[in-house]
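Novice: Got a file for you: entry_12.txt, compact mmCIF, C-alpha atoms.
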```
# COMPACT_ATOMS: atom_id res chain seq x y z
CA MET Y 1 0.00 0.00 0.00
CA GLN Y 2 1.31 3.43 -0.99
CA LYS Y 3 1.27 5.65 2.09
CA ILE Y 4 0.16 9.28 1.76
CA ASN Y 5 2.45 11.81 3.45
CA VAL Y 6 0.74 14.42 5.63
CA GLY Y 7 1.81 17.68 7.23
CA VAL Y 8 -0.20 19.11 10.14
CA VAL Y 9 -0.29 22.87 10.79
CA GLY Y 10 -1.01 23.88 14.40
CA THR Y 11 -0.65 21.93 17.63
CA GLY Y 12 -3.28 23.32 20.03
CA PHE Y 13 -6.20 21.12 21.08
CA ILE Y 14 -7.34 19.92 17.66
CA GLY Y 15 -4.00 19.42 15.86
CA PRO Y 16 -2.95 16.45 18.01
CA ALA Y 17 -6.51 15.07 17.64
CA HIS Y 18 -6.03 15.08 13.84
CA ILE Y 19 -2.63 13.39 14.24
CA GLU Y 20 -4.00 10.66 16.50
CA ALA Y 21 -6.85 9.93 14.07
CA LEU Y 22 -4.54 9.91 11.04
CA ARG Y 23 -2.23 7.43 12.73
CA ARG Y 24 -5.14 4.99 12.97
CA LEU Y 25 -5.48 4.81 9.17
CA PRO Y 26 -3.34 2.30 7.26
CA ASN Y 27 -2.59 4.56 4.27
CA THR Y 28 -1.43 7.77 5.99
CA ASN Y 29 1.94 8.84 7.30
CA VAL Y 30 2.16 12.03 9.40
CA VAL Y 31 5.70 13.05 8.49
CA ALA Y 32 5.79 16.70 9.58
CA LEU Y 33 4.16 19.46 11.56
CA CYS Y 34 4.63 23.18 11.72
CA GLU Y 35 4.22 25.97 14.22
CA VAL Y 36 4.75 29.74 14.33
CA THR Y 37 8.49 29.34 15.04
CA ALA Y 38 10.97 26.65 14.13
CA GLU Y 39 11.80 26.21 17.83
CA LEU Y 40 8.19 25.61 18.87
CA ALA Y 41 7.66 23.29 15.89
CA ARG Y 42 10.64 21.17 16.93
CA GLN Y 43 9.47 21.05 20.54
CA LYS Y 44 5.94 19.94 19.55
CA ALA Y 45 7.28 17.44 17.00
CA ASP Y 46 9.40 15.82 19.69
CA GLN Y 47 6.41 15.63 22.06
CA LEU Y 48 4.21 14.05 19.39
CA GLY Y 49 6.83 11.70 17.94
CA ILE Y 50 6.99 13.35 14.52
CA GLU Y 51 10.27 13.32 12.67
CA ARG Y 52 10.20 16.60 10.75
CA SER Y 53 9.25 20.13 11.85
CA TYR Y 54 8.91 23.34 9.83
CA THR Y 55 7.49 26.79 9.67
CA PHE Y 56 4.46 27.00 7.35
CA ASP Y 57 6.30 28.32 4.30
CA GLU Y 58 8.96 25.62 4.67
CA LEU Y 59 6.29 22.92 4.95
CA LEU Y 60 4.71 23.90 1.62
CA LYS Y 61 8.10 23.51 -0.12
CA GLN Y 62 8.32 19.82 0.80
CA ASP Y 63 7.48 17.99 -2.43
CA ASP Y 64 6.85 14.66 -0.74
CA ILE Y 65 4.05 16.06 1.44
CA GLN Y 66 0.78 15.54 -0.42
CA VAL Y 67 -1.78 16.70 2.16
CA VAL Y 68 -1.91 19.58 4.63
CA HIS Y 69 -4.22 19.71 7.65
CA ILE Y 70 -4.97 23.29 8.79
CA CYS Y 71 -5.50 23.18 12.58
CA THR Y 72 -4.63 26.80 13.43
CA PRO Y 73 -6.78 29.64 14.90
CA ASN Y 74 -9.66 30.74 12.67
CA PHE Y 75 -8.08 33.89 11.22
CA LEU Y 76 -5.33 31.81 9.56
CA HIS Y 77 -7.57 29.27 7.80
CA TYR Y 78 -8.16 31.24 4.58
CA ALA Y 79 -4.56 32.28 3.91
CA GLN Y 80 -3.09 28.90 4.80
CA SER Y 81 -5.68 26.88 2.85
CA LYS Y 82 -5.16 29.10 -0.19
CA ALA Y 83 -1.38 28.80 0.00
CA ALA Y 84 -1.59 25.02 0.37
CA LEU Y 85 -3.88 24.66 -2.65
CA LEU Y 86 -1.62 26.89 -4.73
CA ALA Y 87 1.30 24.69 -3.67
CA GLY Y 88 -0.55 21.67 -5.10
CA LYS Y 89 -1.47 20.12 -1.74
CA HIS Y 90 -4.78 18.49 -0.85
CA VAL Y 91 -6.30 20.34 2.14
CA VAL Y 92 -8.26 19.37 5.22
CA CYS Y 93 -9.24 22.55 7.08
CA GLU Y 94 -10.74 23.10 10.50
CA LYS Y 95 -13.96 25.08 10.61
CA PRO Y 96 -14.76 27.86 10.02
CA LEU Y 97 -13.29 27.75 6.52
CA ALA Y 98 -12.59 31.50 6.51
CA LYS Y 99 -13.42 34.79 8.27
CA ASP Y 100 -16.08 35.85 5.78
CA LEU Y 101 -18.07 34.70 2.77
CA HIS Y 102 -15.81 36.44 0.25
CA GLU Y 103 -12.79 34.48 1.46
CA ALA Y 104 -14.75 31.23 1.65
CA LYS Y 105 -16.12 31.67 -1.88
CA GLU Y 106 -12.59 32.23 -3.19
CA LEU Y 107 -11.42 29.00 -1.56
CA VAL Y 108 -14.35 27.01 -2.98
CA GLU Y 109 -13.58 28.32 -6.47
CA LEU Y 110 -9.82 27.78 -6.16
CA ALA Y 111 -10.31 24.22 -4.91
CA ALA Y 112 -12.61 23.49 -7.85
CA GLN Y 113 -10.08 24.90 -10.32
CA THR Y 114 -7.24 22.79 -8.92
CA GLY Y 115 -9.29 19.58 -8.66
CA LEU Y 116 -7.50 18.88 -5.38
CA VAL Y 117 -9.28 17.13 -2.53
CA ASN Y 118 -10.71 19.65 -0.07
CA ALA Y 119 -12.50 18.92 3.19
CA VAL Y 120 -13.73 20.75 6.27
CA HIS Y 121 -13.55 19.01 9.65
CA PHE Y 122 -17.27 18.74 10.43
CA ASN Y 123 -16.48 15.50 12.18
CA LEU Y 124 -19.60 15.25 14.34
CA ARG Y 125 -21.63 14.04 11.36
CA TYR Y 126 -19.39 10.94 11.54
CA TYR Y 127 -20.89 9.53 14.68
CA PRO Y 128 -22.35 6.27 13.31
CA LEU Y 129 -25.86 6.99 14.58
CA VAL Y 130 -25.86 10.43 12.92
CA ARG Y 131 -25.20 8.62 9.62
CA GLN Y 132 -27.82 6.03 10.56
CA MET Y 133 -30.46 8.73 11.16
CA LYS Y 134 -29.65 10.27 7.77
CA VAL Y 135 -30.03 6.94 5.97
CA MET Y 136 -33.25 6.09 7.82
CA ARG Y 137 -34.68 9.49 6.84
CA GLU Y 138 -33.64 8.93 3.21
CA GLN Y 139 -35.50 5.61 3.27
CA ASN Y 140 -38.64 7.41 4.51
CA ASP Y 141 -38.57 5.89 7.99
CA LEU Y 142 -38.97 9.36 9.56
CA GLY Y 143 -41.51 10.79 7.13
CA GLU Y 144 -41.83 14.53 6.56
CA VAL Y 145 -39.78 16.56 9.06
CA TYR Y 146 -42.24 18.43 11.31
CA SER Y 147 -39.82 20.13 13.71
CA ILE Y 148 -36.24 20.16 14.95
CA ILE Y 149 -34.92 20.91 18.44
CA GLY Y 150 -31.14 21.09 18.80
CA SER Y 151 -28.67 22.17 21.44
CA TYR Y 152 -24.92 22.24 21.91
CA LEU Y 153 -23.82 22.89 25.47
CA GLN Y 154 -20.36 23.21 27.03
CA ASP Y 155 -18.97 24.59 30.30
CA TRP Y 156 -15.33 25.31 29.44
CA LEU Y 157 -15.99 29.08 29.56
CA PHE Y 158 -18.22 28.91 32.66
CA TYR Y 159 -16.02 31.12 34.88
CA ASP Y 160 -14.94 34.66 34.10
CA THR Y 161 -11.39 33.40 34.62
CA ASP Y 162 -11.78 30.95 31.71
CA TYR Y 163 -9.95 32.38 28.71
CA ASN Y 164 -8.92 31.29 25.23
CA TRP Y 165 -8.03 32.86 21.86
CA ARG Y 166 -11.58 32.06 20.71
CA LEU Y 167 -12.74 34.98 22.87
CA GLU Y 168 -10.81 37.45 20.70
CA PRO Y 169 -12.69 38.50 17.51
CA ASP Y 170 -9.49 39.32 15.60
CA LYS Y 171 -8.47 35.66 15.92
CA SER Y 172 -11.83 33.88 16.05
CA GLY Y 173 -14.30 36.17 14.25
CA ASP Y 174 -17.37 38.14 15.33
CA SER Y 175 -19.24 35.04 16.55
CA ARG Y 176 -17.99 32.53 19.08
CA ALA Y 177 -20.50 30.00 20.42
CA ILE Y 178 -22.51 29.91 17.17
CA ALA Y 179 -19.42 29.82 14.92
CA ASP Y 180 -17.52 27.34 17.10
CA ILE Y 181 -20.13 24.76 18.14
CA GLY Y 182 -23.32 26.04 16.50
CA SER Y 183 -21.75 25.38 13.10
CA HIS Y 184 -21.38 21.67 13.97
CA LEU Y 185 -25.00 21.58 15.12
CA MET Y 186 -26.37 23.26 11.97
CA ASP Y 187 -24.21 21.08 9.72
CA SER Y 188 -25.45 17.91 11.43
CA LEU Y 189 -29.12 18.98 11.31
CA GLU Y 190 -29.06 19.79 7.60
CA TYR Y 191 -27.01 16.65 6.90
CA ILE Y 192 -29.49 14.35 8.66
CA THR Y 193 -32.74 15.95 7.48
CA GLY Y 194 -31.74 17.02 3.95
CA LEU Y 195 -33.50 20.34 4.65
CA LYS Y 196 -32.09 23.78 3.98
CA THR Y 197 -32.45 26.57 6.53
CA VAL Y 198 -34.10 29.51 4.75
CA ALA Y 199 -34.53 32.06 7.56
CA VAL Y 200 -33.25 32.66 11.10
CA MET Y 201 -34.18 34.72 14.15
CA ALA Y 202 -31.36 34.97 16.69
CA ASP Y 203 -30.89 36.33 20.20
CA PHE Y 204 -27.41 36.33 21.76
CA ASN Y 205 -26.28 36.88 25.33
CA THR Y 206 -22.83 37.56 26.75
CA ILE Y 207 -22.93 36.34 30.34
CA HIS Y 208 -19.45 37.55 31.28
CA LYS Y 209 -19.15 41.09 29.93
CA PHE Y 210 -15.54 41.10 31.18
CA ARG Y 211 -13.16 38.18 31.49
CA LYS Y 212 -9.81 37.82 33.18
CA LYS Y 213 -7.20 37.21 30.48
CA PRO Y 214 -4.19 35.25 31.71
CA LEU Y 215 -0.84 36.94 31.33
CA LYS Y 216 0.67 33.45 31.05
CA PRO Y 217 -0.20 30.74 28.45
CA VAL Y 218 -3.13 28.45 29.29
CA GLU Y 219 -4.09 25.72 26.80
CA THR Y 220 -7.68 24.84 25.89
CA TYR Y 221 -9.32 22.39 28.33
CA SER Y 222 -6.18 22.35 30.51
CA GLY Y 223 -8.06 23.33 33.69
CA LYS Y 224 -5.06 25.25 35.00
CA MET Y 225 -5.71 28.05 37.52
CA LEU Y 226 -3.52 31.12 37.87
CA GLN Y 227 -3.15 33.68 40.67
CA PRO Y 228 -5.14 37.00 40.68
CA GLU Y 229 -2.07 38.99 39.69
CA ASP Y 230 -1.66 36.82 36.61
CA TYR Y 231 -4.86 38.18 34.96
CA ALA Y 232 -5.92 41.32 33.10
CA ASP Y 233 -9.60 42.30 32.74
CA VAL Y 234 -10.74 42.51 29.11
CA PRO Y 235 -14.20 43.29 27.64
CA ILE Y 236 -15.98 40.46 25.81
CA ASN Y 237 -18.03 41.17 22.69
CA THR Y 238 -18.92 37.65 21.50
CA GLU Y 239 -21.76 35.43 22.70
CA ASP Y 240 -21.58 32.96 25.58
CA HIS Y 241 -25.15 31.80 24.83
CA ALA Y 242 -27.46 31.99 21.81
CA ASN Y 243 -30.99 30.98 20.89
CA VAL Y 244 -31.96 30.76 17.21
CA LEU Y 245 -35.37 30.12 15.65
CA LEU Y 246 -35.16 28.38 12.26
CA ARG Y 247 -37.39 28.12 9.21
CA PHE Y 248 -36.78 25.32 6.71
CA ASP Y 249 -37.42 24.93 3.01
CA ASN Y 250 -40.25 22.44 3.65
CA GLY Y 251 -42.20 25.19 5.45
CA ASN Y 252 -41.64 23.81 8.96
CA ARG Y 253 -39.71 25.13 11.95
CA GLY Y 254 -36.92 24.47 14.41
CA VAL Y 255 -34.97 25.97 17.28
CA ILE Y 256 -31.40 25.63 18.53
CA THR Y 257 -29.62 26.73 21.70
CA VAL Y 258 -25.86 26.91 22.11
CA SER Y 259 -23.99 27.74 25.28
CA GLN Y 260 -20.42 27.61 26.53
CA VAL Y 261 -21.42 28.44 30.12
CA SER Y 262 -23.61 25.43 31.05
CA ALA Y 263 -22.10 23.84 34.17
CA GLY Y 264 -21.57 20.10 33.84
CA ARG Y 265 -22.10 19.95 30.09
CA LYS Y 266 -18.62 19.21 28.83
CA ASN Y 267 -19.38 18.78 25.13
CA GLN Y 268 -23.01 17.81 24.57
CA MET Y 269 -24.75 18.09 21.20
CA LYS Y 270 -28.40 16.98 21.35
CA LEU Y 271 -30.78 16.52 18.42
CA GLU Y 272 -34.51 15.82 18.40
CA ILE Y 273 -36.06 15.51 14.95
CA ALA Y 274 -39.83 14.99 14.83
CA GLY Y 275 -41.30 13.56 11.64
CA SER Y 276 -44.70 12.49 10.37
CA LYS Y 277 -43.92 8.85 11.20
CA LYS Y 278 -41.43 8.88 14.07
CA THR Y 279 -39.16 11.07 16.21
CA TYR Y 280 -35.40 10.59 16.46
CA ALA Y 281 -33.43 11.80 19.49
CA TRP Y 282 -29.67 11.52 20.03
CA ASN Y 283 -27.06 12.92 22.42
CA SER Y 284 -23.33 13.10 21.64
CA GLU Y 285 -22.38 12.40 25.29
CA ALA Y 286 -24.11 9.00 24.91
CA PRO Y 287 -23.36 8.57 21.22
CA ASN Y 288 -23.93 4.84 20.86
CA GLU Y 289 -27.69 4.97 21.47
CA MET Y 290 -30.56 6.78 19.73
CA TRP Y 291 -34.18 7.04 20.85
CA ILE Y 292 -36.99 6.42 18.39
CA GLY Y 293 -40.40 7.77 19.38
CA ASN Y 294 -43.70 6.31 18.15
CA ARG Y 295 -47.26 7.58 18.58
CA ASP Y 296 -49.09 4.25 18.31
CA GLY Y 297 -46.58 1.78 19.66
CA ALA Y 298 -43.74 1.32 22.09
CA ASN Y 299 -40.80 3.69 21.83
CA GLN Y 300 -37.48 2.13 20.85
CA SER Y 301 -33.76 2.34 21.59
CA PHE Y 302 -31.39 1.74 18.68
CA LEU Y 303 -27.91 0.74 19.84
CA ARG Y 304 -24.92 1.27 17.58
CA ASP Y 305 -24.22 -2.14 16.10
CA PRO Y 306 -22.88 -2.74 12.58
CA SER Y 307 -25.04 -5.87 12.24
CA LEU Y 308 -28.17 -3.74 12.76
CA ALA Y 309 -27.16 -0.57 10.93
CA HIS Y 310 -27.83 0.24 7.29
CA PRO Y 311 -24.82 -0.49 5.01
CA GLU Y 312 -24.20 3.25 4.46
CA ALA Y 313 -23.87 3.71 8.24
CA ARG Y 314 -21.96 0.45 8.71
CA SER Y 315 -19.12 1.97 6.67
CA VAL Y 316 -18.32 4.39 9.53
CA ILE Y 317 -18.41 1.74 12.27
CA SER Y 318 -15.17 -0.07 13.17
CA PHE Y 319 -16.16 -2.17 16.20
CA PRO Y 320 -18.91 -4.70 16.99
CA GLY Y 321 -22.01 -3.83 18.97
CA GLY Y 322 -21.31 -3.21 22.66
CA HIS Y 323 -17.80 -1.90 21.89
CA ASN Y 324 -18.37 1.82 22.22
CA GLU Y 325 -17.05 4.36 19.73
CA GLY Y 326 -16.81 8.09 20.46
CA PHE Y 327 -15.36 11.48 19.58
CA PRO Y 328 -11.86 10.36 18.46
CA ASP Y 329 -13.45 7.86 16.07
CA THR Y 330 -15.39 10.59 14.24
CA SER Y 331 -12.23 12.16 12.85
CA LYS Y 332 -10.84 8.77 11.88
CA GLN Y 333 -14.00 7.94 9.94
CA LEU Y 334 -14.07 11.34 8.20
CA PHE Y 335 -10.39 11.06 7.25
CA LYS Y 336 -10.94 7.51 5.97
CA GLU Y 337 -13.34 8.82 3.33
CA VAL Y 338 -11.17 11.86 2.55
CA TYR Y 339 -8.04 9.74 2.08
CA ASP Y 340 -9.86 7.32 -0.21
CA ALA Y 341 -10.41 10.36 -2.47
CA ILE Y 342 -6.79 11.46 -2.08
CA ALA Y 343 -5.60 7.97 -3.04
CA ALA Y 344 -7.71 8.32 -6.19
CA GLY Y 345 -6.02 11.67 -6.85
CA LYS Y 346 -8.96 14.09 -7.06
CA GLN Y 347 -12.12 15.41 -5.46
CA PRO Y 348 -15.06 13.08 -6.23
CA GLU Y 349 -18.02 14.45 -8.17
CA LYS Y 350 -20.28 13.76 -5.15
CA PRO Y 351 -18.12 13.58 -2.02
CA THR Y 352 -19.48 11.75 1.00
CA TYR Y 353 -17.42 13.99 3.31
CA PRO Y 354 -17.89 17.71 4.13
CA THR Y 355 -16.12 19.90 1.57
CA PHE Y 356 -15.16 23.56 1.24
CA ALA Y 357 -18.64 24.09 -0.21
CA ASP Y 358 -20.10 22.82 3.08
CA GLY Y 359 -17.75 25.18 4.90
CA TYR Y 360 -19.13 28.05 2.81
CA ARG Y 361 -22.70 26.96 3.60
CA GLU Y 362 -22.14 26.98 7.37
CA LEU Y 363 -20.37 30.35 7.20
CA LEU Y 364 -23.36 31.74 5.30
CA ILE Y 365 -25.78 30.50 7.97
CA CYS Y 366 -23.53 31.90 10.73
CA GLU Y 367 -23.35 35.34 9.10
CA LYS Y 368 -27.14 35.44 8.72
CA ILE Y 369 -27.54 34.46 12.39
CA LEU Y 370 -25.16 37.29 13.35
CA GLU Y 371 -27.12 39.74 11.18
CA SER Y 372 -30.38 38.60 12.79
CA ASN Y 373 -29.00 39.16 16.28
CA ARG Y 374 -27.82 42.67 15.35
CA LYS Y 375 -31.19 43.57 13.81
CA GLN Y 376 -33.25 41.59 16.34
CA ALA Y 377 -35.34 40.46 13.36
CA TRP Y 378 -35.90 37.54 11.00
CA VAL Y 379 -33.26 37.33 8.26
CA GLU Y 380 -33.62 35.23 5.12
CA ILE Y 381 -30.75 33.04 3.91
```
As structure tokens - that is how I would like this structure written.

Specialist:
Amino acid sequence: MQKINVGVVGTGFIGPAHIEALRRLPNTNVVALCEVTAELARQKADQLGIERSYTFDELLKQDDIQVVHICTPNFLHYAQSKAALLAGKHVVCEKPLAKDLHEAKELVELAAQTGLVNAVHFNLRYYPLVRQMKVMREQNDLGEVYSIIGSYLQDWLFYDTDYNWRLEPDKSGDSRAIADIGSHLMDSLEYITGLKTVAVMADFNTIHKFRKKPLKPVETYSGKMLQPEDYADVPINTEDHANVLLRFDNGNRGVITVSQVSAGRKNQMKLEIAGSKKTYAWNSEAPNEMWIGNRDGANQSFLRDPSLAHPEARSVISFPGGHNEGFPDTSKQLFKEVYDAIAAGKQPEKPTYPTFADGYRELLICEKILESNRKQAWVEI
């Protein structure tokens, strides 16, 4: 088997998650990573057991590296993805794809011109039961979608002493909770139901109007606490919590809530999709079970089991029933489909994985949600 050489850009929380998932595939070889300085790149490469380390420009000059994974802060995604495509590299980019629609549109067009494989890391659609719900809906098990209730709740920014680069609009963009986790929720909802969101009505809230920014480095999810003198008070202009009403192209409605200040919710995405035949409910913190609601019979629990799943969902399941799969497996399954395309040498006509076009779609929805919150009015998409 010909192994595909990969370079990973960025080593915060998500970069090592990409590396771990890539190492679980038989046809990939993570040969290099890069950071903002050569010294930091070498330090991180040693920690992660990667032979070669570079700055970004040096990485792109390596002819044997075929794929680049962009795992840097949001404001770098556009420039680095563009440079990688122009250097002839296939690209897997973290979301959001870019800071604005203009940048995202340029990347979609450039990727199409090059024919190179392009993907956005909407990995949560790769939980097996998310795929199973999609296939069941496609086979008319759900019926017409009547309503959708979704939420994505976290508590990693619960205290005013919790701080991260995502709180800074120049690095993360004008939206935080919606852009960061709401984008996963909206992507999964449209993916499962096949519906398009056509209008939104949003209401944001910033719980902590000021936060204490550490004067020393603190990594995401590290849980480290500093002393009072180690902080500086800074104003916060992005949302801790958001509610959004949704209208869909079938004429029906939905609602989502996202929060990064919900104590005890570490990383919980919940979906409840009510149809004319059944209701599906699923929770990412218990990802191996879905609830199926019936009006005229007993409700059901569907446990993740490849022997019971549809073939299209079975393709993203690696272990037998009763052997739980979770968050790290979602990236592996996404990359498995992406690297099948890379092995074939080009972007498929109908990719099964989320592409730059999907990244553009979620950025469009996010911008309309932001506009709705500013206007406190319904906004059409």

Novice: Could you pull out every residue with an atom within 8 Å of (-20.8, 24.7, 30.5), file coordinates, counting all atoms listed in the file, and send them as a count of residues only?

Specialist: 14

Novice: What lies within 6 Å of Val117 in chain Y using all atoms listed in the file, ignoring chain neighbours under 2 positions off, as an MDAnalysis selection string?

Specialist: chainID Y and resid 90 346:347

Novice: Have a look at Y:Arg42, Y:His241, Y:Arg253, Y:Arg131 and name the one nearest to His208 in chain Y; count all atoms listed in the file.

Specialist: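 Ranked by minimum distance to His208 in chain Y, first place goes to Y:His241.
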
Novice: Would you please work out which residue, of Y:Ser81, Y:Asn237, Y:Asn164, Y:Asn27, is nearest to Gly12 in chain Y when using only C-alpha atoms?

Specialist: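 Using only C-alpha atoms, Gly12 in chain Y sits closest to Y:Asn164.
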
Novice: Got a sec: who's within 12 Å of Asp63 in chain Y, counting only C-alpha atoms, leaving out chain neighbours fewer than 4 positions off, as a JSON list (two decimals) with C-alpha atoms, keeping the file's coordinate frame?

Specialist:
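Written output follows (part39.json):
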```json
[["chain", "number", "residue", "atom", "x", "y", "z"],
["Y", 5, "ASN", "CA", 2.45, 11.81, 3.45],
["Y", 6, "VAL", "CA", 0.74, 14.42, 5.63],
["Y", 7, "GLY", "CA", 1.81, 17.68, 7.23],
["Y", 58, "GLU", "CA", 8.96, 25.62, 4.67],
["Y", 59, "LEU", "CA", 6.29, 22.92, 4.95],
["Y", 67, "VAL", "CA", -1.78, 16.70, 2.16],
["Y", 68, "VAL", "CA", -1.91, 19.58, 4.63],
["Y", 84, "ALA", "CA", -1.59, 25.02, 0.37],
["Y", 87, "ALA", "CA", 1.30, 24.69, -3.67],
["Y", 88, "GLY", "CA", -0.55, 21.67, -5.10],
["Y", 89, "LYS", "CA", -1.47, 20.12, -1.74]]
```

Novice: CA of Gly321 in chain Y and CA of Phe302 in chain Y are how many Å apart?

Specialist: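 Atom-to-atom, CA of Gly321 in chain Y and CA of Phe302 in chain Y are spaced 10.9 Å apart.
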
Novice: Please return the centre and edge lengths, in Å to one decimal, of a box with edges along x, y and z that contains all listed atoms of range 92-111 of chain Y, widened by 3 Å on every side, as AutoDock Vina command-line options.

Specialist:
```
--center_x -13.2 --center_y 27.9 --center_z 2.1 --size_x 15.8 --size_y 23.1 --size_z 23.1
```

Novice: Would you mind reading off the distance between CA of Lys278 in chain Y and CA of Ile292 in chain Y, one decimal, in Å?

Specialist: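 Pair CA of Lys278 in chain Y / CA of Ile292 in chain Y returns 6.7 Å.
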
Novice: Excluding Val255 in chain Y and its own-chain neighbours fewer than 4 positions away, which residues fall within 8 Å of it when counting all atoms listed in the file? Please give them as a PDB file with C-alpha atoms, in the frame of the given file.

Specialist:
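Dumped everything to out_7.pdb:
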```
ATOM      1  CA  ILE Y 148     -36.240  20.160  14.950  1.00  0.00           C
ATOM      2  CA  ILE Y 149     -34.920  20.910  18.440  1.00  0.00           C
ATOM      3  CA  GLY Y 150     -31.140  21.090  18.800  1.00  0.00           C
ATOM      4  CA  ASN Y 243     -30.990  30.980  20.890  1.00  0.00           C
ATOM      5  CA  VAL Y 244     -31.960  30.760  17.210  1.00  0.00           C
ATOM      6  CA  LEU Y 245     -35.370  30.120  15.650  1.00  0.00           C
ATOM      7  CA  LEU Y 246     -35.160  28.380  12.260  1.00  0.00           C
TER       8      LEU Y 246
END
```
